[in-house]
>>> print(open('structure.pdb').read())   # PDB, C-alpha atoms and all ligand atoms
ATOM      1  CA  MET A  24    -102.315-107.838  68.958  1.00  0.00           C
ATOM      2  CA  GLY A  25    -103.237-110.510  66.383  1.00  0.00           C
ATOM      3  CA  LYS A  26    -103.688-109.611  62.755  1.00  0.00           C
ATOM      4  CA  ILE A  27    -106.844-110.324  60.758  1.00  0.00           C
ATOM      5  CA  THR A  28    -107.854-110.323  57.114  1.00  0.00           C
ATOM      6  CA  ILE A  29    -110.373-107.711  56.002  1.00  0.00           C
ATOM      7  CA  ALA A  30    -112.323-108.232  52.763  1.00  0.00           C
ATOM      8  CA  ILE A  31    -114.253-105.291  51.311  1.00  0.00           C
ATOM      9  CA  ASP A  32    -116.484-106.058  48.347  1.00  0.00           C
ATOM     10  CA  GLY A  33    -119.219-104.182  46.573  1.00  0.00           C
ATOM     11  CA  TYR A  34    -120.475-102.487  43.457  1.00  0.00           C
ATOM     12  CA  SER A  35    -118.365-100.088  41.366  1.00  0.00           C
ATOM     13  CA  SER A  36    -117.508 -96.721  42.894  1.00  0.00           C
ATOM     14  CA  THR A  37    -118.995 -97.380  46.321  1.00  0.00           C
ATOM     15  CA  GLY A  38    -115.901 -95.875  47.954  1.00  0.00           C
ATOM     16  CA  LYS A  39    -114.420 -99.259  48.869  1.00  0.00           C
ATOM     17  CA  SER A  40    -110.860 -98.183  48.205  1.00  0.00           C
ATOM     18  CA  THR A  41    -111.133 -94.972  50.237  1.00  0.00           C
ATOM     19  CA  VAL A  42    -112.260 -96.747  53.388  1.00  0.00           C
ATOM     20  CA  ALA A  43    -109.954 -99.736  52.769  1.00  0.00           C
ATOM     21  CA  LYS A  44    -106.937 -97.397  52.563  1.00  0.00           C
ATOM     22  CA  GLN A  45    -107.971 -95.525  55.722  1.00  0.00           C
ATOM     23  CA  LEU A  46    -108.365 -98.797  57.605  1.00  0.00           C
ATOM     24  CA  ALA A  47    -105.032-100.171  56.387  1.00  0.00           C
ATOM     25  CA  ASP A  48    -103.271 -96.930  57.426  1.00  0.00           C
ATOM     26  CA  TRP A  49    -104.877 -96.929  60.858  1.00  0.00           C
ATOM     27  CA  LEU A  50    -104.230-100.626  61.543  1.00  0.00           C
ATOM     28  CA  GLU A  51    -100.797-100.550  59.840  1.00  0.00           C
ATOM     29  CA  TYR A  52    -101.968-103.290  57.487  1.00  0.00           C
ATOM     30  CA  VAL A  53    -101.180-103.790  53.806  1.00  0.00           C
ATOM     31  CA  TYR A  54    -103.829-102.407  51.454  1.00  0.00           C
ATOM     32  CA  VAL A  55    -104.435-104.210  48.155  1.00  0.00           C
ATOM     33  CA  ASP A  56    -106.624-102.711  45.420  1.00  0.00           C
ATOM     34  CA  SER A  57    -107.529-105.877  43.497  1.00  0.00           C
ATOM     35  CA  GLY A  58    -109.412-103.860  40.855  1.00  0.00           C
ATOM     36  CA  ALA A  59    -106.108-102.206  39.894  1.00  0.00           C
ATOM     37  CA  MET A  60    -104.814-105.645  38.903  1.00  0.00           C
ATOM     38  CA  TYR A  61    -107.803-106.308  36.592  1.00  0.00           C
ATOM     39  CA  ARG A  62    -107.375-102.802  35.208  1.00  0.00           C
ATOM     40  CA  ALA A  63    -103.652-103.363  34.481  1.00  0.00           C
ATOM     41  CA  ILE A  64    -104.376-106.573  32.552  1.00  0.00           C
ATOM     42  CA  THR A  65    -107.035-104.629  30.630  1.00  0.00           C
ATOM     43  CA  LEU A  66    -104.521-101.905  29.757  1.00  0.00           C
ATOM     44  CA  TYR A  67    -102.150-104.607  28.512  1.00  0.00           C
ATOM     45  CA  ALA A  68    -104.935-106.091  26.326  1.00  0.00           C
ATOM     46  CA  ILE A  69    -105.785-102.650  24.895  1.00  0.00           C
ATOM     47  CA  GLU A  70    -102.136-101.849  24.131  1.00  0.00           C
ATOM     48  CA  LYS A  71    -101.625-105.214  22.409  1.00  0.00           C
ATOM     49  CA  GLY A  72    -104.824-104.743  20.384  1.00  0.00           C
ATOM     50  CA  PHE A  73    -106.556-107.769  21.939  1.00  0.00           C
ATOM     51  CA  ILE A  74    -109.613-105.692  22.838  1.00  0.00           C
ATOM     52  CA  SER A  75    -111.175-102.657  21.172  1.00  0.00           C
ATOM     53  CA  GLU A  76    -114.611-101.214  20.399  1.00  0.00           C
ATOM     54  CA  THR A  77    -114.955-103.710  17.554  1.00  0.00           C
ATOM     55  CA  SER A  78    -113.052-106.847  18.604  1.00  0.00           C
ATOM     56  CA  PHE A  79    -112.160-108.991  21.612  1.00  0.00           C
ATOM     57  CA  ASP A  80    -109.654-111.841  21.248  1.00  0.00           C
ATOM     58  CA  SER A  81    -109.674-113.496  24.662  1.00  0.00           C
ATOM     59  CA  ASP A  82    -107.600-116.486  23.434  1.00  0.00           C
ATOM     60  CA  LYS A  83    -104.673-114.215  22.559  1.00  0.00           C
ATOM     61  CA  LEU A  84    -104.837-112.558  25.952  1.00  0.00           C
ATOM     62  CA  ILE A  85    -104.929-115.964  27.688  1.00  0.00           C
ATOM     63  CA  LYS A  86    -101.831-117.032  25.717  1.00  0.00           C
ATOM     64  CA  HIS A  87     -99.949-113.908  26.795  1.00  0.00           C
ATOM     65  CA  LEU A  88    -100.921-114.095  30.490  1.00  0.00           C
ATOM     66  CA  PRO A  89     -97.608-115.704  31.579  1.00  0.00           C
ATOM     67  CA  GLU A  90     -95.803-112.620  30.201  1.00  0.00           C
ATOM     68  CA  ILE A  91     -97.738-110.250  32.426  1.00  0.00           C
ATOM     69  CA  SER A  92     -96.155-109.249  35.702  1.00  0.00           C
ATOM     70  CA  LEU A  93     -98.063-107.056  38.132  1.00  0.00           C
ATOM     71  CA  THR A  94     -96.486-105.419  41.160  1.00  0.00           C
ATOM     72  CA  PHE A  95     -97.476-102.721  43.636  1.00  0.00           C
ATOM     73  CA  VAL A  96     -94.610-100.289  44.181  1.00  0.00           C
ATOM     74  CA  LYS A  97     -94.680 -97.547  46.809  1.00  0.00           C
ATOM     75  CA  ASN A  98     -94.080 -93.986  45.545  1.00  0.00           C
ATOM     76  CA  SER A  99     -92.167 -91.299  47.460  1.00  0.00           C
ATOM     77  CA  GLU A 100     -95.312 -90.538  49.513  1.00  0.00           C
ATOM     78  CA  GLY A 101     -95.743 -94.183  50.500  1.00  0.00           C
ATOM     79  CA  LYS A 102     -98.753 -94.765  48.220  1.00  0.00           C
ATOM     80  CA  ALA A 103     -98.748 -98.140  46.426  1.00  0.00           C
ATOM     81  CA  GLU A 104     -98.911 -97.749  42.648  1.00  0.00           C
ATOM     82  CA  MET A 105     -99.629-100.383  40.012  1.00  0.00           C
ATOM     83  CA  HIS A 106     -96.709-101.447  37.830  1.00  0.00           C
ATOM     84  CA  LEU A 107     -97.283-103.512  34.684  1.00  0.00           C
ATOM     85  CA  ASN A 108     -94.145-105.344  33.532  1.00  0.00           C
ATOM     86  CA  GLY A 109     -92.031-102.858  35.471  1.00  0.00           C
ATOM     87  CA  ARG A 110     -93.809 -99.729  34.134  1.00  0.00           C
ATOM     88  CA  ASN A 111     -95.819 -97.424  36.387  1.00  0.00           C
ATOM     89  CA  VAL A 112     -99.367 -97.467  34.956  1.00  0.00           C
ATOM     90  CA  GLU A 113    -101.223 -96.036  37.959  1.00  0.00           C
ATOM     91  CA  LYS A 114    -102.631 -93.145  35.917  1.00  0.00           C
ATOM     92  CA  GLN A 115    -103.412 -95.023  32.700  1.00  0.00           C
ATOM     93  CA  ILE A 116    -105.473 -97.711  34.458  1.00  0.00           C
ATOM     94  CA  ARG A 117    -107.969 -95.133  35.788  1.00  0.00           C
ATOM     95  CA  THR A 118    -109.175 -93.844  32.400  1.00  0.00           C
ATOM     96  CA  MET A 119    -112.714 -94.320  31.041  1.00  0.00           C
ATOM     97  CA  GLN A 120    -111.331 -96.491  28.246  1.00  0.00           C
ATOM     98  CA  VAL A 121    -109.952 -99.006  30.747  1.00  0.00           C
ATOM     99  CA  SER A 122    -113.190 -98.785  32.788  1.00  0.00           C
ATOM    100  CA  GLU A 123    -115.124 -99.639  29.647  1.00  0.00           C
ATOM    101  CA  PHE A 124    -113.233-102.858  28.915  1.00  0.00           C
ATOM    102  CA  VAL A 125    -112.281-104.087  32.378  1.00  0.00           C
ATOM    103  CA  SER A 126    -115.470-105.995  33.212  1.00  0.00           C
ATOM    104  CA  PRO A 127    -115.417-108.123  30.020  1.00  0.00           C
ATOM    105  CA  ILE A 128    -111.744-108.905  30.721  1.00  0.00           C
ATOM    106  CA  ALA A 129    -112.630-109.848  34.317  1.00  0.00           C
ATOM    107  CA  THR A 130    -115.052-112.538  33.062  1.00  0.00           C
ATOM    108  CA  ILE A 131    -112.106-114.624  31.742  1.00  0.00           C
ATOM    109  CA  SER A 132    -111.467-117.505  34.172  1.00  0.00           C
ATOM    110  CA  GLU A 133    -107.740-117.721  33.314  1.00  0.00           C
ATOM    111  CA  VAL A 134    -107.334-114.027  34.165  1.00  0.00           C
ATOM    112  CA  ARG A 135    -109.195-114.503  37.448  1.00  0.00           C
ATOM    113  CA  SER A 136    -107.214-117.538  38.524  1.00  0.00           C
ATOM    114  CA  LYS A 137    -103.873-115.792  37.836  1.00  0.00           C
ATOM    115  CA  LEU A 138    -104.931-112.791  39.915  1.00  0.00           C
ATOM    116  CA  VAL A 139    -106.597-114.769  42.717  1.00  0.00           C
ATOM    117  CA  ASP A 140    -103.358-116.801  43.176  1.00  0.00           C
ATOM    118  CA  GLN A 141    -101.308-113.626  43.452  1.00  0.00           C
ATOM    119  CA  GLN A 142    -103.857-112.006  45.816  1.00  0.00           C
ATOM    120  CA  GLN A 143    -103.905-115.049  48.109  1.00  0.00           C
ATOM    121  CA  LYS A 144    -100.090-114.953  48.305  1.00  0.00           C
ATOM    122  CA  MET A 145    -100.198-111.258  49.235  1.00  0.00           C
ATOM    123  CA  GLY A 146    -102.588-112.068  52.084  1.00  0.00           C
ATOM    124  CA  GLU A 147    -100.747-115.101  53.435  1.00  0.00           C
ATOM    125  CA  GLY A 148     -99.478-113.415  56.589  1.00  0.00           C
ATOM    126  CA  LYS A 149    -102.861-111.724  57.354  1.00  0.00           C
ATOM    127  CA  GLY A 150    -102.753-108.023  58.248  1.00  0.00           C
ATOM    128  CA  VAL A 151    -104.258-107.175  54.883  1.00  0.00           C
ATOM    129  CA  VAL A 152    -107.214-105.095  53.731  1.00  0.00           C
ATOM    130  CA  MET A 153    -108.225-106.034  50.192  1.00  0.00           C
ATOM    131  CA  ASP A 154    -111.073-104.560  48.187  1.00  0.00           C
ATOM    132  CA  GLY A 155    -112.771-105.946  45.089  1.00  0.00           C
ATOM    133  CA  ARG A 156    -115.726-108.033  43.982  1.00  0.00           C
ATOM    134  CA  ASP A 157    -114.860-111.603  45.060  1.00  0.00           C
ATOM    135  CA  ILE A 158    -112.598-111.075  48.062  1.00  0.00           C
ATOM    136  CA  GLY A 159    -114.976-112.384  50.739  1.00  0.00           C
ATOM    137  CA  THR A 160    -116.389-115.126  48.509  1.00  0.00           C
ATOM    138  CA  VAL A 161    -113.354-116.492  46.622  1.00  0.00           C
ATOM    139  CA  VAL A 162    -110.010-114.894  47.553  1.00  0.00           C
ATOM    140  CA  PHE A 163    -110.349-114.969  51.367  1.00  0.00           C
ATOM    141  CA  PRO A 164    -113.492-116.981  52.206  1.00  0.00           C
ATOM    142  CA  THR A 165    -112.313-117.283  55.832  1.00  0.00           C
ATOM    143  CA  ALA A 166    -111.584-113.559  56.334  1.00  0.00           C
ATOM    144  CA  GLU A 167    -112.421-112.474  59.885  1.00  0.00           C
ATOM    145  CA  LEU A 168    -114.189-109.329  58.667  1.00  0.00           C
ATOM    146  CA  LYS A 169    -116.168-109.059  55.439  1.00  0.00           C
ATOM    147  CA  ILE A 170    -117.873-105.858  54.381  1.00  0.00           C
ATOM    148  CA  PHE A 171    -120.231-105.508  51.433  1.00  0.00           C
ATOM    149  CA  MET A 172    -120.624-101.888  50.339  1.00  0.00           C
ATOM    150  CA  ASN A 173    -123.513-100.471  48.420  1.00  0.00           C
ATOM    151  CA  ALA A 174    -124.960 -97.102  47.377  1.00  0.00           C
ATOM    152  CA  THR A 175    -127.371 -95.963  44.694  1.00  0.00           C
ATOM    153  CA  ALA A 176    -126.026 -95.995  41.124  1.00  0.00           C
ATOM    154  CA  GLU A 177    -126.612 -92.216  40.925  1.00  0.00           C
ATOM    155  CA  GLN A 178    -124.603 -91.546  44.090  1.00  0.00           C
ATOM    156  CA  ARG A 179    -121.783 -93.731  42.833  1.00  0.00           C
ATOM    157  CA  ALA A 180    -121.742 -92.141  39.384  1.00  0.00           C
ATOM    158  CA  THR A 181    -121.717 -88.646  40.923  1.00  0.00           C
ATOM    159  CA  ARG A 182    -118.670 -89.525  43.027  1.00  0.00           C
ATOM    160  CA  ARG A 183    -116.788 -91.151  40.132  1.00  0.00           C
ATOM    161  CA  TYR A 184    -117.683 -88.256  37.786  1.00  0.00           C
ATOM    162  CA  LYS A 185    -116.225 -85.723  40.260  1.00  0.00           C
ATOM    163  CA  GLU A 186    -112.999 -87.750  40.545  1.00  0.00           C
ATOM    164  CA  LEU A 187    -112.572 -87.965  36.767  1.00  0.00           C
ATOM    165  CA  ILE A 188    -113.313 -84.261  36.228  1.00  0.00           C
ATOM    166  CA  GLU A 189    -110.820 -83.333  38.971  1.00  0.00           C
ATOM    167  CA  ARG A 190    -108.195 -85.396  37.114  1.00  0.00           C
ATOM    168  CA  GLY A 191    -108.968 -83.439  33.950  1.00  0.00           C
ATOM    169  CA  ASP A 192    -110.702 -86.253  32.015  1.00  0.00           C
ATOM    170  CA  ALA A 193    -113.295 -85.186  29.431  1.00  0.00           C
ATOM    171  CA  VAL A 194    -116.322 -87.267  30.448  1.00  0.00           C
ATOM    172  CA  THR A 195    -120.012 -86.614  30.925  1.00  0.00           C
ATOM    173  CA  TYR A 196    -122.099 -87.670  33.917  1.00  0.00           C
ATOM    174  CA  ALA A 197    -124.284 -89.784  31.600  1.00  0.00           C
ATOM    175  CA  GLU A 198    -121.244 -91.734  30.346  1.00  0.00           C
ATOM    176  CA  VAL A 199    -120.060 -92.416  33.884  1.00  0.00           C
ATOM    177  CA  LEU A 200    -123.529 -93.526  35.054  1.00  0.00           C
ATOM    178  CA  HIS A 201    -123.816 -95.825  32.050  1.00  0.00           C
ATOM    179  CA  ASN A 202    -120.379 -97.336  32.776  1.00  0.00           C
ATOM    180  CA  VAL A 203    -121.177 -97.901  36.463  1.00  0.00           C
ATOM    181  CA  GLN A 204    -124.460 -99.651  35.583  1.00  0.00           C
ATOM    182  CA  GLU A 205    -122.907-101.722  32.815  1.00  0.00           C
ATOM    183  CA  ARG A 206    -120.070-102.927  35.069  1.00  0.00           C
ATOM    184  CA  ASP A 207    -122.611-103.824  37.795  1.00  0.00           C
ATOM    185  CA  THR A 208    -124.522-105.965  35.301  1.00  0.00           C
ATOM    186  CA  ILE A 209    -121.451-107.765  33.937  1.00  0.00           C
ATOM    187  CA  ASP A 210    -119.886-108.196  37.405  1.00  0.00           C
ATOM    188  CA  THR A 211    -123.050-109.683  38.947  1.00  0.00           C
ATOM    189  CA  THR A 212    -124.006-111.961  36.042  1.00  0.00           C
ATOM    190  CA  ARG A 213    -120.650-113.453  34.981  1.00  0.00           C
ATOM    191  CA  GLU A 214    -120.259-117.204  35.454  1.00  0.00           C
ATOM    192  CA  ASP A 215    -116.933-117.218  37.270  1.00  0.00           C
ATOM    193  CA  SER A 216    -116.984-115.569  40.723  1.00  0.00           C
ATOM    194  CA  PRO A 217    -119.883-113.163  40.209  1.00  0.00           C
ATOM    195  CA  LEU A 218    -120.156-110.231  42.578  1.00  0.00           C
ATOM    196  CA  ARG A 219    -122.174-111.509  45.542  1.00  0.00           C
ATOM    197  CA  LYS A 220    -122.477-110.573  49.170  1.00  0.00           C
ATOM    198  CA  ALA A 221    -120.818-113.388  51.153  1.00  0.00           C
ATOM    199  CA  LYS A 222    -123.233-114.991  53.634  1.00  0.00           C
ATOM    200  CA  ASP A 223    -121.225-113.699  56.572  1.00  0.00           C
ATOM    201  CA  ALA A 224    -120.549-110.208  55.147  1.00  0.00           C
ATOM    202  CA  ILE A 225    -121.900-107.085  56.812  1.00  0.00           C
ATOM    203  CA  GLU A 226    -123.713-104.851  54.332  1.00  0.00           C
ATOM    204  CA  ILE A 227    -123.193-101.100  54.506  1.00  0.00           C
ATOM    205  CA  ASP A 228    -125.222 -98.761  52.334  1.00  0.00           C
ATOM    206  CA  ASN A 229    -123.313 -95.489  52.337  1.00  0.00           C
ATOM    207  CA  SER A 230    -125.634 -93.460  50.080  1.00  0.00           C
ATOM    208  CA  GLU A 231    -126.417 -91.135  52.981  1.00  0.00           C
ATOM    209  CA  MET A 232    -123.306 -91.680  55.110  1.00  0.00           C
ATOM    210  CA  ASN A 233    -120.240 -89.465  55.376  1.00  0.00           C
ATOM    211  CA  LEU A 234    -116.753 -90.919  55.051  1.00  0.00           C
ATOM    212  CA  GLU A 235    -115.861 -90.351  58.674  1.00  0.00           C
ATOM    213  CA  ASP A 236    -118.912 -92.171  60.065  1.00  0.00           C
ATOM    214  CA  GLN A 237    -118.386 -95.032  57.660  1.00  0.00           C
ATOM    215  CA  PHE A 238    -114.722 -95.350  58.647  1.00  0.00           C
ATOM    216  CA  HIS A 239    -115.527 -95.426  62.364  1.00  0.00           C
ATOM    217  CA  ILE A 240    -118.226 -98.074  61.940  1.00  0.00           C
ATOM    218  CA  ILE A 241    -115.896-100.373  60.003  1.00  0.00           C
ATOM    219  CA  LEU A 242    -112.918 -99.689  62.266  1.00  0.00           C
ATOM    220  CA  GLN A 243    -115.015-100.709  65.284  1.00  0.00           C
ATOM    221  CA  LEU A 244    -116.056-103.921  63.512  1.00  0.00           C
ATOM    222  CA  ALA A 245    -112.377-104.652  62.851  1.00  0.00           C
ATOM    223  CA  LYS A 246    -111.315-103.903  66.448  1.00  0.00           C
ATOM    224  CA  ASP A 247    -114.010-106.270  67.731  1.00  0.00           C
ATOM    225  CA  ARG A 248    -112.344-109.077  65.770  1.00  0.00           C
ATOM    226  CA  ILE A 249    -108.675-108.420  66.535  1.00  0.00           C
TER     227      ILE A 249
HETATM  228  O1  LIG B 301    -112.529-101.844  41.810  1.00  0.00           O
HETATM  229  P1  LIG B 301    -112.546-101.344  40.388  1.00  0.00           P
HETATM  230  O2  LIG B 301    -113.814-100.613  40.055  1.00  0.00           O
HETATM  231  O3  LIG B 301    -111.319-100.591  40.021  1.00  0.00           O
HETATM  232  O4  LIG B 301    -112.541-102.680  39.522  1.00  0.00           O
HETATM  233  C1  LIG B 301    -112.609-102.637  38.123  1.00  0.00           C
HETATM  234  C2  LIG B 301    -113.289-103.885  37.591  1.00  0.00           C
HETATM  235  O5  LIG B 301    -112.455-105.028  37.823  1.00  0.00           O
HETATM  236  C3  LIG B 301    -114.638-104.250  38.189  1.00  0.00           C
HETATM  237  O6  LIG B 301    -115.719-103.572  37.580  1.00  0.00           O
HETATM  238  C4  LIG B 301    -114.695-105.751  37.956  1.00  0.00           C
HETATM  239  O7  LIG B 301    -115.138-106.028  36.642  1.00  0.00           O
HETATM  240  C5  LIG B 301    -113.241-106.179  38.052  1.00  0.00           C
HETATM  241  N1  LIG B 301    -112.893-106.752  39.364  1.00  0.00           N
HETATM  242  C6  LIG B 301    -113.214-108.081  39.604  1.00  0.00           C
HETATM  243  N2  LIG B 301    -112.826-108.673  40.770  1.00  0.00           N
HETATM  244  C7  LIG B 301    -112.164-107.974  41.702  1.00  0.00           C
HETATM  245  C8  LIG B 301    -111.857-106.608  41.493  1.00  0.00           C
HETATM  246  C9  LIG B 301    -112.254-106.018  40.316  1.00  0.00           C
HETATM  247  O8  LIG B 301    -113.831-108.729  38.763  1.00  0.00           O
HETATM  248  N3  LIG B 301    -111.773-108.589  42.826  1.00  0.00           N
END
>>> encode(input="structure.pdb", output="structure tokens")
Amino acid sequence: MGKITIAIDGYSSTGKSTVAKQLADWLEYVYVDSGAMYRAITLYAIEKGFISETSFDSDKLIKHLPEISLTFVKNSEGKAEMHLNGRNVEKQIRTMQVSEFVSPIATISEVRSKLVDQQQKMGEGKGVVMDGRDIGTVVFPTAELKIFMNATAEQRATRRYKELIERGDAVTYAEVLHNVQERDTIDTTREDSPLRKAKDAIEIDNSEMNLEDQFHIILQLAKDRI
């Protein structure tokens, strides 16, 4: 059986990573969460003081980019976790603070080109499911299967809010909804690689769809192309 490349793009918190992981497990493909890479660079910028509520020094971050090494390392349960310069940051990159600053960081072209290079290398041998915002348009424009996921902002915020509360984070639904909408705006209006549905992507609105149905629809689309 030949291997294909599967690109899953869409707005924040549309459940891209859940279905991408399920697909990768089923097909025995590699799953890459490209958002985790943008989040790890954001954590680095926060820790170094390059970005805060009151300041944003993108030049300093650009200068330090060669010092940043990002790797996915499997934990004892086989789940890939994000490591920043050898340190496991899987938990820290999912906080509201990182969510707040990640979209401004992702507008920086030097950040994008570093990550796109690394993502393209990870997908060289095909057999990869990658989710993000520019996977079907920039990272793998010739991917055999491109999915563009959407759902209402309220549905997405409700899902993300539940996840954060389950993790024990002190957030309100209003904060999460605001963050989801703000990231959508920045991600769709930035100059470099804005979030767009690729011409040949299949759009799935999962506002009213359960996870199982969604998985089976996408799995069938993948099987048709293998
Ligand atoms: O997927 P996730 O919501 O974790 O991504 C966090 C942020 O990283 C997005 O809101 C977007 O600003 C940025 N991102 C991006 N390109 C990607 C993946 C994520 O710009 N391929």
>>> atom_distance(input="structure.pdb", atom1="CA of Ile116 in chain A", atom2="atom P1 of ligand LIG 301 (chain B)")
9.9 Å
>>> resolve_selection(input="structure.pdb", expression="the PyMOL selection byres (((chain A and resi 236-240) around 9) and not hetatm)", output="PDB file with C-alpha atoms, in the coordinates of the input")
ATOM      1  CA  VAL A  42    -112.260 -96.747  53.388  1.00  0.00           C
ATOM      2  CA  ALA A  43    -109.954 -99.736  52.769  1.00  0.00           C
ATOM      3  CA  GLN A  45    -107.971 -95.525  55.722  1.00  0.00           C
ATOM      4  CA  LEU A  46    -108.365 -98.797  57.605  1.00  0.00           C
ATOM      5  CA  ILE A 227    -123.193-101.100  54.506  1.00  0.00           C
ATOM      6  CA  ASN A 229    -123.313 -95.489  52.337  1.00  0.00           C
ATOM      7  CA  MET A 232    -123.306 -91.680  55.110  1.00  0.00           C
ATOM      8  CA  ASN A 233    -120.240 -89.465  55.376  1.00  0.00           C
ATOM      9  CA  LEU A 234    -116.753 -90.919  55.051  1.00  0.00           C
ATOM     10  CA  GLU A 235    -115.861 -90.351  58.674  1.00  0.00           C
ATOM     11  CA  ILE A 241    -115.896-100.373  60.003  1.00  0.00           C
ATOM     12  CA  LEU A 242    -112.918 -99.689  62.266  1.00  0.00           C
ATOM     13  CA  GLN A 243    -115.015-100.709  65.284  1.00  0.00           C
ATOM     14  CA  LEU A 244    -116.056-103.921  63.512  1.00  0.00           C
ATOM     15  CA  ALA A 245    -112.377-104.652  62.851  1.00  0.00           C
TER      16      ALA A 245
END
>>> atom_distance(input="structure.pdb", atom1="CA of Lys222 in chain A", atom2="CA of Ile209 in chain A")
21.1 Å
>>> residues_around(input="structure.pdb", residues="Gly148 in chain A", least_positions_apart="5", cutoff="10 Å", atoms="all atoms listed in the file", output="list in words")
Lys26, Ile27, Thr28 and Gln143 of chain A
>>> resolve_selection(input="structure.pdb", expression="the PyMOL selection byres (((not hetatm)) within 7 of (chain B and resi 301))", output="short mmCIF file (atom, residue, chain, number, x, y, z; two decimals) with C-alpha atoms, in the frame of the given file")
data_model
loop_
_atom_site.label_atom_id
_atom_site.label_comp_id
_atom_site.auth_asym_id
_atom_site.auth_seq_id
_atom_site.Cartn_x
_atom_site.Cartn_y
_atom_site.Cartn_z
CA SER A 35 -118.36 -100.09 41.37
CA SER A 36 -117.51 -96.72 42.89
CA ASP A 56 -106.62 -102.71 45.42
CA SER A 57 -107.53 -105.88 43.50
CA GLY A 58 -109.41 -103.86 40.85
CA ALA A 59 -106.11 -102.21 39.89
CA TYR A 61 -107.80 -106.31 36.59
CA ARG A 62 -107.38 -102.80 35.21
CA SER A 122 -113.19 -98.78 32.79
CA VAL A 125 -112.28 -104.09 32.38
CA SER A 126 -115.47 -106.00 33.21
CA PRO A 127 -115.42 -108.12 30.02
CA ALA A 129 -112.63 -109.85 34.32
CA THR A 130 -115.05 -112.54 33.06
CA ASP A 154 -111.07 -104.56 48.19
CA GLY A 155 -112.77 -105.95 45.09
CA ARG A 156 -115.73 -108.03 43.98
CA ASP A 157 -114.86 -111.60 45.06
CA ILE A 158 -112.60 -111.08 48.06
CA ARG A 206 -120.07 -102.93 35.07
CA ASP A 207 -122.61 -103.82 37.80
CA ASP A 210 -119.89 -108.20 37.40
#
>>> atom_distance(input="structure.pdb", atom1="CA of Thr175 in chain A", atom2="CA of Ile31 in chain A")
17.4 Å
>>> residues_around(input="structure.pdb", residues="Gln115 in chain A", least_positions_apart="3", cutoff="12 Å", atoms="all atoms listed in the file", output="list in words")
Ala59, Arg62, Ala63, Ile64, Thr65, Leu66, Tyr67, Ile69, Glu70, Glu104, Met105, His106, Leu107, Arg110, Asn111, Val112, Thr118, Met119, Gln120, Val121, Ser122, Arg190 and Asp192 of chain A
>>> resolve_selection(input="structure.pdb", expression="the PyMOL selection byres (((chain A and resi 78-95) around 7) and not hetatm)", output="compact mmCIF listing (two decimals) with C-alpha atoms, in the frame of the given file")
# COMPACT_ATOMS: atom_id res chain seq x y z
CA MET A 60 -104.81 -105.64 38.90
CA ALA A 68 -104.94 -106.09 26.33
CA PHE A 73 -106.56 -107.77 21.94
CA ILE A 74 -109.61 -105.69 22.84
CA SER A 75 -111.18 -102.66 21.17
CA GLU A 76 -114.61 -101.21 20.40
CA THR A 77 -114.96 -103.71 17.55
CA VAL A 96 -94.61 -100.29 44.18
CA LYS A 97 -94.68 -97.55 46.81
CA ALA A 103 -98.75 -98.14 46.43
CA GLU A 104 -98.91 -97.75 42.65
CA MET A 105 -99.63 -100.38 40.01
CA HIS A 106 -96.71 -101.45 37.83
CA LEU A 107 -97.28 -103.51 34.68
CA ASN A 108 -94.14 -105.34 33.53
CA GLU A 133 -107.74 -117.72 33.31
>>> residues_around(input="structure.pdb", residues="Ile29 in chain A", least_positions_apart="4", cutoff="7 Å", atoms="all atoms listed in the file", output="PDB file with C-alpha atoms, keeping the file's coordinate frame")
ATOM      1  CA  VAL A 151    -104.258-107.175  54.883  1.00  0.00           C
ATOM      2  CA  VAL A 152    -107.214-105.095  53.731  1.00  0.00           C
ATOM      3  CA  MET A 153    -108.225-106.034  50.192  1.00  0.00           C
ATOM      4  CA  ALA A 166    -111.584-113.559  56.334  1.00  0.00           C
ATOM      5  CA  GLU A 167    -112.421-112.474  59.885  1.00  0.00           C
ATOM      6  CA  LEU A 168    -114.189-109.329  58.667  1.00  0.00           C
ATOM      7  CA  LYS A 169    -116.168-109.059  55.439  1.00  0.00           C
TER       8      LYS A 169
END
>>> closest_residue(input="structure.pdb", among="A:Ala197, A:Ala47, A:Val161, A:Ile128", to="Thr181 in chain A", atoms="all atoms listed in the file")
A:Ala197
>>> axis_aligned_box(input="structure.pdb", around="range 130-137 of chain A", padding_each_side="5 Å", output="AutoDock Vina command-line options")
--center_x -109.5 --center_y -115.1 --center_z 35.1 --size_x 21.2 --size_y 15.2 --size_z 16.8
>>> closest_residue(input="structure.pdb", among="A:Asn173, A:Val199, A:Leu218, A:Glu100", to="Lys185 in chain A", atoms="all atoms listed in the file")
A:Val199
>>> build_atoms(input="structure.pdb", residues="range 67-72 of chain A", atoms="N, CA and C atoms", output="mmCIF file, in the frame of the given file")
data_model
loop_
_atom_site.group_PDB
_atom_site.id
_atom_site.type_symbol
_atom_site.label_atom_id
_atom_site.label_comp_id
_atom_site.auth_asym_id
_atom_site.auth_seq_id
_atom_site.Cartn_x
_atom_site.Cartn_y
_atom_site.Cartn_z
ATOM 1 N N TYR A 67 -103.034 -103.763 29.323
ATOM 2 C CA TYR A 67 -102.150 -104.607 28.512
ATOM 3 C C TYR A 67 -102.903 -105.086 27.257
ATOM 4 N N ALA A 68 -104.145 -105.570 27.454
ATOM 5 C CA ALA A 68 -104.935 -106.091 26.326
ATOM 6 C C ALA A 68 -105.247 -104.986 25.311
ATOM 7 N N ILE A 69 -105.503 -103.781 25.805
ATOM 8 C CA ILE A 69 -105.785 -102.650 24.895
ATOM 9 C C ILE A 69 -104.519 -102.333 24.092
ATOM 10 N N GLU A 70 -103.388 -102.225 24.807
ATOM 11 C CA GLU A 70 -102.136 -101.849 24.131
ATOM 12 C C GLU A 70 -101.713 -102.885 23.097
ATOM 13 N N LYS A 71 -102.001 -104.152 23.354
ATOM 14 C CA LYS A 71 -101.625 -105.214 22.409
ATOM 15 C C LYS A 71 -102.656 -105.369 21.289
ATOM 16 N N GLY A 72 -103.780 -104.644 21.401
ATOM 17 C CA GLY A 72 -104.824 -104.743 20.384
ATOM 18 C C GLY A 72 -105.699 -105.976 20.535
#
